[in-house]
Each structure stands twice: as structure tokens, then as C-alpha cells.
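Okay, protein-v5.txt is below, compact mmCIF, C-alpha atoms and all ligand atoms:
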```txt
# COMPACT_ATOMS: atom_id res chain seq x y z
CA MET A 4 47.81 22.78 -27.79
CA SER A 5 50.19 21.46 -25.13
CA ALA A 6 49.00 19.86 -21.91
CA GLN A 7 50.52 18.04 -18.94
CA TYR A 8 49.43 14.65 -20.37
CA ASP A 9 51.16 15.18 -23.73
CA ASP A 10 54.45 13.77 -22.41
CA ILE A 11 52.94 10.85 -20.51
CA ALA A 12 50.09 9.71 -22.79
CA ARG A 13 51.33 6.13 -23.40
CA GLU A 14 52.52 5.66 -19.82
CA TYR A 15 49.17 6.85 -18.45
CA GLN A 16 47.40 4.47 -20.83
CA ALA A 17 49.41 1.57 -19.33
CA THR A 18 48.25 2.40 -15.77
CA LYS A 19 44.75 1.26 -16.79
CA GLU A 20 46.01 -2.33 -16.46
CA SER A 21 46.08 -2.05 -12.64
CA PRO A 22 43.51 -4.16 -10.71
CA LEU A 23 42.36 -0.97 -8.98
CA ARG A 24 41.33 0.50 -12.32
CA GLN A 25 39.49 -2.60 -13.42
CA TYR A 26 37.84 -3.81 -10.23
CA VAL A 27 37.22 -0.50 -8.45
CA GLU A 28 37.38 2.46 -10.85
CA ALA A 29 35.68 0.94 -13.91
CA PHE A 30 33.21 -1.07 -11.80
CA SER A 31 32.17 2.03 -9.82
CA PHE A 32 32.03 4.22 -12.93
CA PHE A 33 29.73 1.85 -14.83
CA ASN A 34 27.50 1.31 -11.80
CA MET A 35 26.97 5.06 -11.70
CA LEU A 36 26.38 5.29 -15.46
CA GLY A 37 23.67 2.63 -15.51
CA ASP A 38 22.21 1.63 -18.86
CA VAL A 39 23.70 3.67 -21.72
CA GLN A 40 21.89 1.73 -24.45
CA ASP A 41 20.78 4.14 -27.23
CA LYS A 42 22.00 7.19 -25.27
CA GLU A 43 24.06 10.05 -26.66
CA VAL A 44 27.14 10.31 -24.44
CA LEU A 45 29.90 12.90 -24.22
CA ASP A 46 33.04 11.69 -22.44
CA LEU A 47 35.05 14.68 -21.23
CA ALA A 48 38.76 14.40 -20.32
CA CYS A 49 38.53 11.15 -22.26
CA GLY A 50 42.30 10.65 -22.43
CA GLU A 51 43.14 7.90 -24.90
CA GLY A 52 39.52 6.77 -24.83
CA PHE A 53 39.56 3.98 -22.24
CA TYR A 54 36.02 4.71 -20.99
CA THR A 55 34.87 6.23 -24.27
CA ARG A 56 35.32 2.87 -25.99
CA LEU A 57 33.66 0.97 -23.14
CA ILE A 58 30.66 3.32 -23.32
CA ALA A 59 30.38 2.68 -27.07
CA THR A 60 30.68 -1.08 -26.46
CA ALA A 61 27.88 -0.81 -23.87
CA GLY A 62 25.51 0.32 -26.64
CA ALA A 63 25.45 4.12 -26.63
CA ARG A 64 24.02 5.45 -29.90
CA ARG A 65 26.40 8.39 -30.24
CA VAL A 66 29.71 8.73 -28.37
CA ALA A 67 32.03 11.73 -28.45
CA GLY A 68 35.29 12.10 -26.54
CA VAL A 69 37.08 15.35 -25.74
CA ASP A 70 40.51 15.92 -24.23
CA ILE A 71 42.84 18.90 -24.00
CA SER A 72 45.91 16.76 -24.71
CA ALA A 73 46.73 16.35 -28.41
CA ALA A 74 48.84 13.27 -27.61
CA MET A 75 45.94 11.61 -25.77
CA ILE A 76 43.50 12.36 -28.61
CA SER A 77 46.00 11.11 -31.16
CA LEU A 78 46.22 7.76 -29.27
CA ALA A 79 42.42 7.60 -29.06
CA LYS A 80 42.10 8.21 -32.81
CA GLU A 81 44.76 5.57 -33.58
CA ILE A 82 42.75 2.99 -31.65
CA GLU A 83 39.51 4.11 -33.35
CA VAL A 84 41.15 3.48 -36.74
CA GLN A 85 42.19 -0.04 -35.65
CA GLN A 86 38.88 -0.92 -33.97
CA VAL A 87 36.19 1.22 -35.60
CA GLN A 88 33.36 2.08 -33.19
CA GLY A 89 32.21 5.35 -34.74
CA ILE A 90 33.47 7.47 -31.82
CA GLU A 91 34.11 11.17 -32.57
CA TYR A 92 37.21 12.57 -30.86
CA HIS A 93 38.00 16.26 -30.41
CA CYS A 94 41.07 17.92 -28.96
CA ALA A 95 39.70 20.83 -26.91
CA ASP A 96 39.51 22.37 -23.47
CA VAL A 97 36.12 21.54 -21.93
CA VAL A 98 35.48 25.24 -21.51
CA SER A 99 35.67 25.79 -25.29
CA LEU A 100 33.95 22.78 -26.75
CA PRO A 101 33.07 22.54 -30.43
CA ASP A 102 29.44 23.12 -31.33
CA PHE A 103 28.36 19.49 -31.50
CA GLY A 104 24.95 19.50 -29.88
CA CYS A 105 23.66 18.20 -26.56
CA PHE A 106 23.86 14.78 -24.92
CA ASP A 107 21.79 12.59 -22.58
CA LEU A 108 24.83 11.89 -20.45
CA VAL A 109 28.12 13.68 -19.89
CA THR A 110 30.85 11.60 -18.27
CA ALA A 111 34.28 12.50 -16.94
CA ALA A 112 36.69 10.15 -15.25
CA TYR A 113 38.98 12.76 -13.66
CA LEU A 114 38.24 16.28 -14.84
CA LEU A 115 36.91 18.77 -12.29
CA HIS A 116 40.06 18.66 -10.13
CA TYR A 117 42.11 20.04 -13.05
CA ALA A 118 40.38 23.41 -12.62
CA ALA A 119 43.17 25.66 -11.34
CA ASP A 120 40.87 27.91 -9.27
CA THR A 121 37.23 28.25 -8.27
CA HIS A 122 36.42 30.45 -11.32
CA ALA A 123 37.79 27.75 -13.63
CA LEU A 124 35.78 25.15 -11.70
CA GLN A 125 32.60 27.21 -12.16
CA SER A 126 33.28 27.58 -15.91
CA MET A 127 33.80 23.83 -16.27
CA CYS A 128 30.51 23.08 -14.50
CA GLU A 129 28.65 25.61 -16.69
CA CYS A 130 30.10 24.12 -19.87
CA ILE A 131 29.01 20.65 -18.76
CA VAL A 132 25.46 21.87 -18.11
CA ALA A 133 25.41 23.58 -21.53
CA ARG A 134 26.07 20.20 -23.20
CA LEU A 135 23.26 18.32 -21.47
CA LYS A 136 19.72 17.80 -22.74
CA PRO A 137 16.93 18.65 -20.25
CA GLY A 138 16.96 16.05 -17.45
CA GLY A 139 20.45 14.92 -18.49
CA ARG A 140 23.04 13.54 -16.08
CA PHE A 141 26.71 14.21 -15.40
CA VAL A 142 28.63 11.25 -13.97
CA CYS A 143 32.23 11.58 -12.89
CA ILE A 144 35.08 10.30 -10.79
CA ASN A 145 36.96 12.97 -8.99
CA GLU A 146 39.24 13.81 -6.06
CA ASN A 147 37.71 12.67 -2.77
CA PRO A 148 37.08 15.98 -0.98
CA GLU A 149 36.57 14.20 2.36
CA GLN A 150 40.06 12.69 2.45
CA SER A 151 42.40 14.38 4.89
CA PHE A 152 45.80 15.55 3.63
CA ALA A 153 47.20 13.61 6.62
CA ASP A 154 45.99 10.31 5.11
CA PHE A 155 47.99 10.10 1.91
CA SER A 156 50.42 7.35 2.91
CA GLY A 157 49.65 3.70 2.13
CA TYR A 158 49.33 3.78 -1.66
CA THR A 159 52.92 2.72 -2.42
CA GLN A 160 51.79 -0.91 -2.52
CA TYR A 161 49.57 0.08 -5.51
CA GLY A 162 52.45 1.75 -7.33
CA PHE A 163 51.51 5.38 -6.70
CA ASN A 164 51.96 8.21 -4.23
CA LYS A 165 49.80 11.23 -3.51
CA SER A 166 51.16 14.37 -1.85
CA ALA A 167 49.91 17.85 -0.99
CA ASP A 168 51.59 21.18 -1.32
CA GLY A 169 50.24 23.44 1.43
CA PRO A 170 47.22 23.41 3.76
CA GLN A 171 43.91 21.66 3.03
CA GLU A 172 41.98 24.48 1.36
CA ASP A 173 40.49 25.30 -2.04
CA GLY A 174 43.12 25.40 -4.77
CA ALA A 175 45.79 23.41 -2.89
CA LYS A 176 48.00 21.52 -5.33
CA LEU A 177 48.06 17.71 -5.10
CA THR A 178 50.64 15.64 -6.95
CA TYR A 179 50.25 12.04 -8.03
CA ALA A 180 53.39 10.09 -8.89
CA MET A 181 53.06 6.59 -10.29
CA VAL A 182 55.14 3.87 -11.78
CA SER A 183 54.24 2.86 -15.32
CA GLY A 184 56.46 0.14 -16.74
CA ARG A 185 59.96 1.33 -15.87
CA LYS A 186 59.04 5.00 -15.80
CA MET A 187 57.77 7.30 -13.03
CA ILE A 188 55.05 9.70 -14.20
CA ARG A 189 53.64 12.68 -12.31
CA PHE A 190 50.65 14.92 -12.67
CA ASP A 191 49.17 17.73 -10.61
CA VAL A 192 45.55 18.29 -9.66
CA PHE A 193 43.81 20.73 -7.32
CA TYR A 194 41.89 20.19 -4.11
CA TYR A 195 38.42 21.65 -3.48
CA THR A 196 36.13 21.09 -0.53
CA ARG A 197 32.90 19.20 -0.95
CA MET A 198 31.03 22.46 -0.32
CA THR A 199 32.95 24.24 -3.11
CA TYR A 200 32.21 21.46 -5.62
CA GLU A 201 28.55 21.38 -4.68
CA ALA A 202 28.18 25.18 -4.79
CA ALA A 203 29.70 25.29 -8.31
CA LEU A 204 27.53 22.42 -9.58
CA TYR A 205 24.27 23.79 -8.16
CA LYS A 206 25.07 27.31 -9.40
CA ALA A 207 25.70 25.88 -12.88
CA GLY A 208 22.14 24.49 -12.90
CA PHE A 209 22.14 20.95 -11.50
CA SER A 210 19.16 20.19 -9.28
CA GLU A 211 20.69 17.11 -7.64
CA VAL A 212 24.31 16.41 -6.68
CA ARG A 213 25.14 13.07 -5.08
CA TRP A 214 28.55 11.73 -3.99
CA VAL A 215 28.94 8.00 -4.52
CA PRO A 216 31.62 5.98 -2.69
CA LEU A 217 33.80 3.64 -4.75
CA GLU A 218 32.75 -0.01 -4.91
CA LEU A 219 34.79 -3.17 -5.31
CA ALA A 220 33.68 -5.71 -7.93
CA PRO A 221 33.29 -9.23 -6.50
CA GLU A 222 35.58 -10.49 -9.31
CA GLY A 223 38.32 -8.28 -7.83
CA THR A 224 38.28 -10.25 -4.59
CA ASP A 225 38.37 -13.51 -6.57
CA ALA A 226 41.32 -12.30 -8.67
CA CYS A 227 43.51 -10.56 -6.07
CA GLY A 228 42.04 -11.39 -2.63
CA ALA A 229 40.13 -8.95 -0.40
CA GLU A 230 43.28 -7.91 1.44
CA TYR A 231 44.78 -6.40 -1.70
CA PHE A 232 42.07 -3.71 -1.86
CA GLN A 233 41.77 -3.07 1.90
CA GLU A 234 44.02 -0.01 2.20
CA TYR A 235 42.62 1.66 -0.93
CA MET A 236 38.97 1.02 -0.14
CA GLY A 237 39.46 2.10 3.49
CA ASN A 238 40.98 5.40 2.42
CA PRO A 239 39.84 6.14 -1.14
CA PRO A 240 41.71 9.00 -2.86
CA VAL A 241 38.84 9.56 -5.30
CA ALA A 242 35.04 9.46 -5.20
CA GLY A 243 32.14 9.20 -7.62
CA LEU A 244 29.72 12.03 -8.28
CA VAL A 245 26.34 11.91 -10.02
CA CYS A 246 24.59 15.17 -10.94
CA VAL A 247 21.15 15.58 -12.48
CA LEU A 248 19.89 18.67 -14.33
C1 LIG B 1 43.72 11.23 -15.40
S1 LIG B 1 43.45 11.48 -17.11
C2 LIG B 1 41.96 10.54 -17.33
C3 LIG B 1 41.72 10.11 -18.74
C4 LIG B 1 40.52 9.19 -18.94
N1 LIG B 1 39.28 9.80 -18.50
C5 LIG B 1 40.73 7.90 -18.22
O1 LIG B 1 40.14 7.67 -17.16
O2 LIG B 1 41.54 7.09 -18.72
C6 LIG B 1 42.84 13.14 -17.10
C7 LIG B 1 42.65 13.73 -18.47
O3 LIG B 1 42.03 15.01 -18.34
C8 LIG B 1 42.47 15.81 -19.40
N2 LIG B 1 42.14 17.21 -19.08
C9 LIG B 1 42.59 17.94 -18.04
N3 LIG B 1 42.07 19.18 -18.08
C10 LIG B 1 41.25 19.23 -19.17
C11 LIG B 1 40.43 20.24 -19.74
N4 LIG B 1 40.36 21.47 -19.20
N5 LIG B 1 39.75 19.94 -20.87
C12 LIG B 1 39.83 18.71 -21.43
N6 LIG B 1 40.60 17.72 -20.93
C13 LIG B 1 41.30 17.96 -19.80
C14 LIG B 1 43.96 15.48 -19.47
O4 LIG B 1 44.57 15.86 -20.67
C15 LIG B 1 43.95 13.97 -19.24
O5 LIG B 1 43.92 13.26 -20.45
```

Mind converting the file's structure to C-alpha cells?
Ligand SMILES: C[S@@+](CC[C@H](N)C(=O)[O-])C[C@H]1O[C@@H](n2cnc3c(N)ncnc32)[C@H](O)[C@@H]1O
Amino acid sequence: MSAQYDDIAREYQATKESPLRQYVEAFSFFNMLGDVQDKEVLDLACGEGFYTRLIATAGARRVAGVDISAAMISLAKEIEVQQVQGIEYHCADVVSLPDFGCFDLVTAAYLLHYAADTHALQSMCECIVARLKPGGRFVCINENPEQSFADFSGYTQYGFNKSADGPQEDGAKLTYAMVSGRKMIRFDVFYYTRMTYEAALYKAGFSEVRWVPLELAPEGTDACGAEYFQEYMGNPPVAGLVCVL
């Protein structure tokens, strides 16, 4: 199976070293997750397993990671061999998951905005619901639907650019370009309005859908200074989302 991350798996992995990832993305993600002790957790779009491993370290009883990119899953499995945590990895599209039961929590750091149209978005949401136990939660980080396409400048200082192709409407293509080491990597995602996301999630069966703004860890300010995060936090390109069945 080929996927847009197959050619950039190692370079994407290296972007996780950025202070934004550590002090904003990971901090916000784990605040939304809460206590995962003894939980069964499915990490969708797991990439090379950055969050999957952290979830296992945080005490989840069973952890499975799924990604469509064979190169990403291969990296994740390599790391699992070196540092055994008992994580199961599967290379699959989230809309055709293996039959591996249901989970207390489904997570996804960056998934829904890869749906190429509203039908694909609906299918993704339904597949997520199908993998949750009654009362289960879906926690994700996703494109910020409230950000205007006119507000994409200002991220160069963080080593990335975001651009839009066309008007601000469902299905518009957004491109991220970022420096990783000495290489520039690019990937495309799709824009959907807040209303479109919510409609798809409620239709799939969630009873509660809550957007959660990104948060900055106090250690981030100590390490880099508050000013470093100002532009990003004032105009966040992504947002958290917590959904309950
Ligand atoms: C931005 S990366 C995030 C990886 C990881 N969650 C992280 O935060 O490091 C997005 C990932 O989504 C995966 N992906 C995109 N569409 C997918 C789909 N339909 N099914 C499974 N994985 C998908 C890509 O292959 C890529 O690894």
C-alpha cells in the first residue's frame, strides 16, 4: 500500500523534536486523554508510533496502532523491537480496519483532515465509532476549522508553512511544507468547516462533540520563553477534539 507519508517517514519522525510538538501538541493531547491506566487504546494514524508509545508508557493495558503508510508502520515496528512495549501495529486504512475488537479510547493525532471529501469523512467517523466500546471516547488533534485562510502567515519562524488552494470551503486542499534536517517535506490535507465535522461525528453516533483549544505547558515557557510560542498560540493551525459515544 503506498501513501503520501511513505517517502517522508523518517523526516516526519524528526519533526517531533520541535518545542511546539513537545510543549503544545503532546501537552494538549495528553490533557485531553486524561488517565489511560488499564485502558484499551487504539491509536489511529499512529505514524511511527510517537503517541502510541507514550500511551503505552502511561499505563494503557492494550495499545494498538494503525497507519496507512507501510513506511511509517515499519518504523514503528522497528522501534517496538528495540524497546518492547507490547504494542500491536497494523498497516491499514482506518476505513478497513482489521477485526481486532473494541477499545475504551480511540485516539488520532492528525487523521480526519486526510478525508478527501465529506463521504470519506463520514466513513472515517463511522469506523471510529465501530471500534469504541459503549461510552467510549475519541480524542484527536485536527485542522482548526475556525482559522481563516487569510491567517496562514507567521509560521516560518517555527520551520513550516501552511497554504490553501482555493476558497475556504469543504474539501479545499491545504498544504504544509516543513523543514526537517536539511530536507523540505510537504503533505496535503483537506479543510472542513466546524459544522461539517460536527455533523459527521454526530451522525456517526457520538452524543457529545467538544472542541478543545491547544494549551502551552508551563515547562515550554521555562525552556523557550513565552514569546517563542506567541504567534502559534495566538493563531493555532490545529485544534483538539473530544467526542463521547
Ligand atoms: C501527520 S502524521 C501523524 C502521525 C502521528 N499521529 C503523530 O502525531 O506523529 C498523519 C498520519 O496519518 C496517516 N493517515 C492518513 N490517512 C490515513 C488513513 N486513511 N488511514 C490510516 N492512516 C492514515 C498518514 O500515513 C500519517 O502517518

query: So which residues are near ligand LIG 1 (chain B), meaning at most 6 Å away with only C-alpha atoms and all ligand atoms counted, given back as a list in words?
result: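 Written in the requested form, the residues are Tyr8, Ala48, Cys49, Gly50, Phe53, Asp70, Ile71, Ser72, Met75, Ala95, Asp96, Val97, Ala111, Ala112, Tyr113, Leu114 and Tyr117 of chain A.
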
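Across A:Asp173, A:Gly68, A:Thr224, A:Ser31, the tightest approach to Thr121 (chain A) is made by A:Asp173 when counting only C-alpha atoms.
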
message: Under the rule that all atoms listed in the file are counted, which of A:Met236, A:Ile76, A:Ile131, A:Ala63 is the nearest residue to Tyr161 (chain A)?
response: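 Closest to Tyr161 (chain A) of all the choices is A:Met236.
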
Edge lengths and centre in Å to one decimal, as JSON, is what I'm after for the box along x, y and z that holds all listed atoms of region 143-162 of chain A once 5 Å is added on each side.
```
{"center_x": 42.6, "center_y": 7.5, "center_z": -3.1, "size_x": 30.7, "size_y": 26.9, "size_z": 29.5}
```

query: Out of A:Ala67, A:Ala180, A:Cys130, A:Val142, which residue has the shortest atom-to-atom distance to Val247 (chain A) when counting all atoms listed in the file?
result: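 For Val247 (chain A), the nearest of the given residues is A:Val142.
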
query: Taking into account all atoms listed in the file, which residue in the set A:Lys186, A:Lys176, A:Lys80, A:Arg64 is nearest to Phe106 (chain A)?
result: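 Ranked by minimum distance to Phe106 (chain A), first place goes to A:Arg64.
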
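Among the candidate residues A:Thr60, A:Ser210, A:Thr178, A:Thr110, the one lying nearest to Val87 (chain A) is A:Thr60, with distances computed using only C-alpha atoms.
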
query: So, counting all atoms listed in the file, which residue among A:Gln160, A:Asn34, A:Ser151, A:Gln85 is closest to Tyr231 (chain A)?
result: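 Closest residue, counting all atoms listed in the file: A:Gln160.
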
Selection as a list in words: residues within 8 Å of (52.0, 10.2, -29.6), counting all atoms listed in the file: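 Within 8 Å of (52.0, 10.2, -29.6), the protein and nucleic acid residues are Asp9, Ala12, Arg13, Ala74, Met75, Ser77 and Leu78 of chain A.
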
query: How many Å separate CA of Leu248 (chain A) from CA of Asp38 (chain A)?
result: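 A separation of 17.8 Å between them.
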
task: One decimal, Å: what's the distance from CA of Ala242 (chain A) over to CA of Met127 (chain A), could you say?
output: 18.2 Å

- request: Enumerate, as a VMD selection string, the protein, DNA and RNA residues whose atoms approach (29.1, 21.8, -18.1) to within 10 Å, taking into account all atoms listed in the file and the coordinate frame of the file.
  value: chain A and resid 47 97 to 98 100 109 124 to 135 141 204 207 to 209

message: Please compute the CA of Ala123 (chain A)-CA of Arg189 (chain A) distance, one decimal, in Å.
response: 21.9 Å

message: So that I can see what lies close to Pro240 (chain A), please list as a list in words the residues with an atom at most 8 Å from it, counting only C-alpha atoms and leaving out residues fewer than 6 positions away in the same chain.
response: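 Contacts, with the query itself left out: Glu146, Asn147, Gln150 and Phe155 of chain A.
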
task: Find the residues near region 196-202 of chain A: any atom within 7 Å, counting only C-alpha atoms, skip ones fewer than 4 places away on the same chain, and give them as an MDAnalysis selection string.
output: chainID A and resid 148 173 206 212

Save region 219-239 of chain A of the structure in the block above to a file, with N, CA and C atoms included, as a PDB file, in the first residue's frame.
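The result, written out as result_5.pdb:
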```pdb
ATOM      1  N   LEU A 219      -0.443  25.465  26.320  1.00  0.00           N
ATOM      2  CA  LEU A 219       1.017  25.503  26.402  1.00  0.00           C
ATOM      3  C   LEU A 219       1.463  25.013  27.776  1.00  0.00           C
ATOM      4  N   ALA A 220       2.363  24.040  27.788  1.00  0.00           N
ATOM      5  CA  ALA A 220       2.885  23.520  29.066  1.00  0.00           C
ATOM      6  C   ALA A 220       3.760  24.588  29.729  1.00  0.00           C
ATOM      7  N   PRO A 221       3.646  24.754  31.046  1.00  0.00           N
ATOM      8  CA  PRO A 221       4.488  25.741  31.728  1.00  0.00           C
ATOM      9  C   PRO A 221       5.981  25.500  31.472  1.00  0.00           C
ATOM     10  N   GLU A 222       6.381  24.229  31.319  1.00  0.00           N
ATOM     11  CA  GLU A 222       7.808  23.927  31.055  1.00  0.00           C
ATOM     12  C   GLU A 222       8.251  24.510  29.714  1.00  0.00           C
ATOM     13  N   GLY A 223       7.302  24.717  28.806  1.00  0.00           N
ATOM     14  CA  GLY A 223       7.629  25.283  27.497  1.00  0.00           C
ATOM     15  C   GLY A 223       8.119  26.714  27.652  1.00  0.00           C
ATOM     16  N   THR A 224       7.417  27.468  28.504  1.00  0.00           N
ATOM     17  CA  THR A 224       7.811  28.858  28.746  1.00  0.00           C
ATOM     18  C   THR A 224       9.182  28.891  29.410  1.00  0.00           C
ATOM     19  N   ASP A 225       9.414  27.977  30.353  1.00  0.00           N
ATOM     20  CA  ASP A 225      10.727  27.922  31.019  1.00  0.00           C
ATOM     21  C   ASP A 225      11.823  27.611  29.997  1.00  0.00           C
ATOM     22  N   ALA A 226      11.541  26.693  29.075  1.00  0.00           N
ATOM     23  CA  ALA A 226      12.587  26.231  28.151  1.00  0.00           C
ATOM     24  C   ALA A 226      12.858  27.221  27.018  1.00  0.00           C
ATOM     25  N   CYS A 227      11.792  27.839  26.476  1.00  0.00           N
ATOM     26  CA  CYS A 227      11.978  28.651  25.255  1.00  0.00           C
ATOM     27  C   CYS A 227      11.572  30.111  25.435  1.00  0.00           C
ATOM     28  N   GLY A 228      10.908  30.438  26.553  1.00  0.00           N
ATOM     29  CA  GLY A 228      10.385  31.797  26.744  1.00  0.00           C
ATOM     30  C   GLY A 228       8.988  31.889  26.157  1.00  0.00           C
ATOM     31  N   ALA A 229       8.130  32.712  26.777  1.00  0.00           N
ATOM     32  CA  ALA A 229       6.725  32.818  26.348  1.00  0.00           C
ATOM     33  C   ALA A 229       6.625  33.362  24.922  1.00  0.00           C
ATOM     34  N   GLU A 230       7.543  34.253  24.580  1.00  0.00           N
ATOM     35  CA  GLU A 230       7.477  34.923  23.276  1.00  0.00           C
ATOM     36  C   GLU A 230       7.570  33.921  22.115  1.00  0.00           C
ATOM     37  N   TYR A 231       8.340  32.883  22.322  1.00  0.00           N
ATOM     38  CA  TYR A 231       8.541  31.879  21.278  1.00  0.00           C
ATOM     39  C   TYR A 231       7.194  31.315  20.800  1.00  0.00           C
ATOM     40  N   PHE A 232       6.262  31.105  21.711  1.00  0.00           N
ATOM     41  CA  PHE A 232       5.007  30.419  21.379  1.00  0.00           C
ATOM     42  C   PHE A 232       3.882  31.383  20.968  1.00  0.00           C
ATOM     43  N   GLN A 233       4.150  32.707  21.129  1.00  0.00           N
ATOM     44  CA  GLN A 233       3.088  33.707  20.993  1.00  0.00           C
ATOM     45  C   GLN A 233       2.333  33.620  19.658  1.00  0.00           C
ATOM     46  N   GLU A 234       3.056  33.618  18.569  1.00  0.00           N
ATOM     47  CA  GLU A 234       2.427  33.622  17.241  1.00  0.00           C
ATOM     48  C   GLU A 234       1.577  32.352  17.048  1.00  0.00           C
ATOM     49  N   TYR A 235       2.141  31.216  17.422  1.00  0.00           N
ATOM     50  CA  TYR A 235       1.464  29.928  17.225  1.00  0.00           C
ATOM     51  C   TYR A 235       0.213  29.832  18.094  1.00  0.00           C
ATOM     52  N   MET A 236       0.347  30.201  19.370  1.00  0.00           N
ATOM     53  CA  MET A 236      -0.792  30.078  20.275  1.00  0.00           C
ATOM     54  C   MET A 236      -1.874  31.109  19.940  1.00  0.00           C
ATOM     55  N   GLY A 237      -1.465  32.246  19.380  1.00  0.00           N
ATOM     56  CA  GLY A 237      -2.431  33.290  19.025  1.00  0.00           C
ATOM     57  C   GLY A 237      -3.191  32.943  17.750  1.00  0.00           C
ATOM     58  N   ASN A 238      -2.651  32.039  16.967  1.00  0.00           N
ATOM     59  CA  ASN A 238      -3.265  31.697  15.686  1.00  0.00           C
ATOM     60  C   ASN A 238      -3.025  30.208  15.408  1.00  0.00           C
ATOM     61  N   PRO A 239      -3.633  29.354  16.237  1.00  0.00           N
ATOM     62  CA  PRO A 239      -3.293  27.922  16.147  1.00  0.00           C
ATOM     63  C   PRO A 239      -3.810  27.263  14.862  1.00  0.00           C
TER      64      PRO A 239
END
```
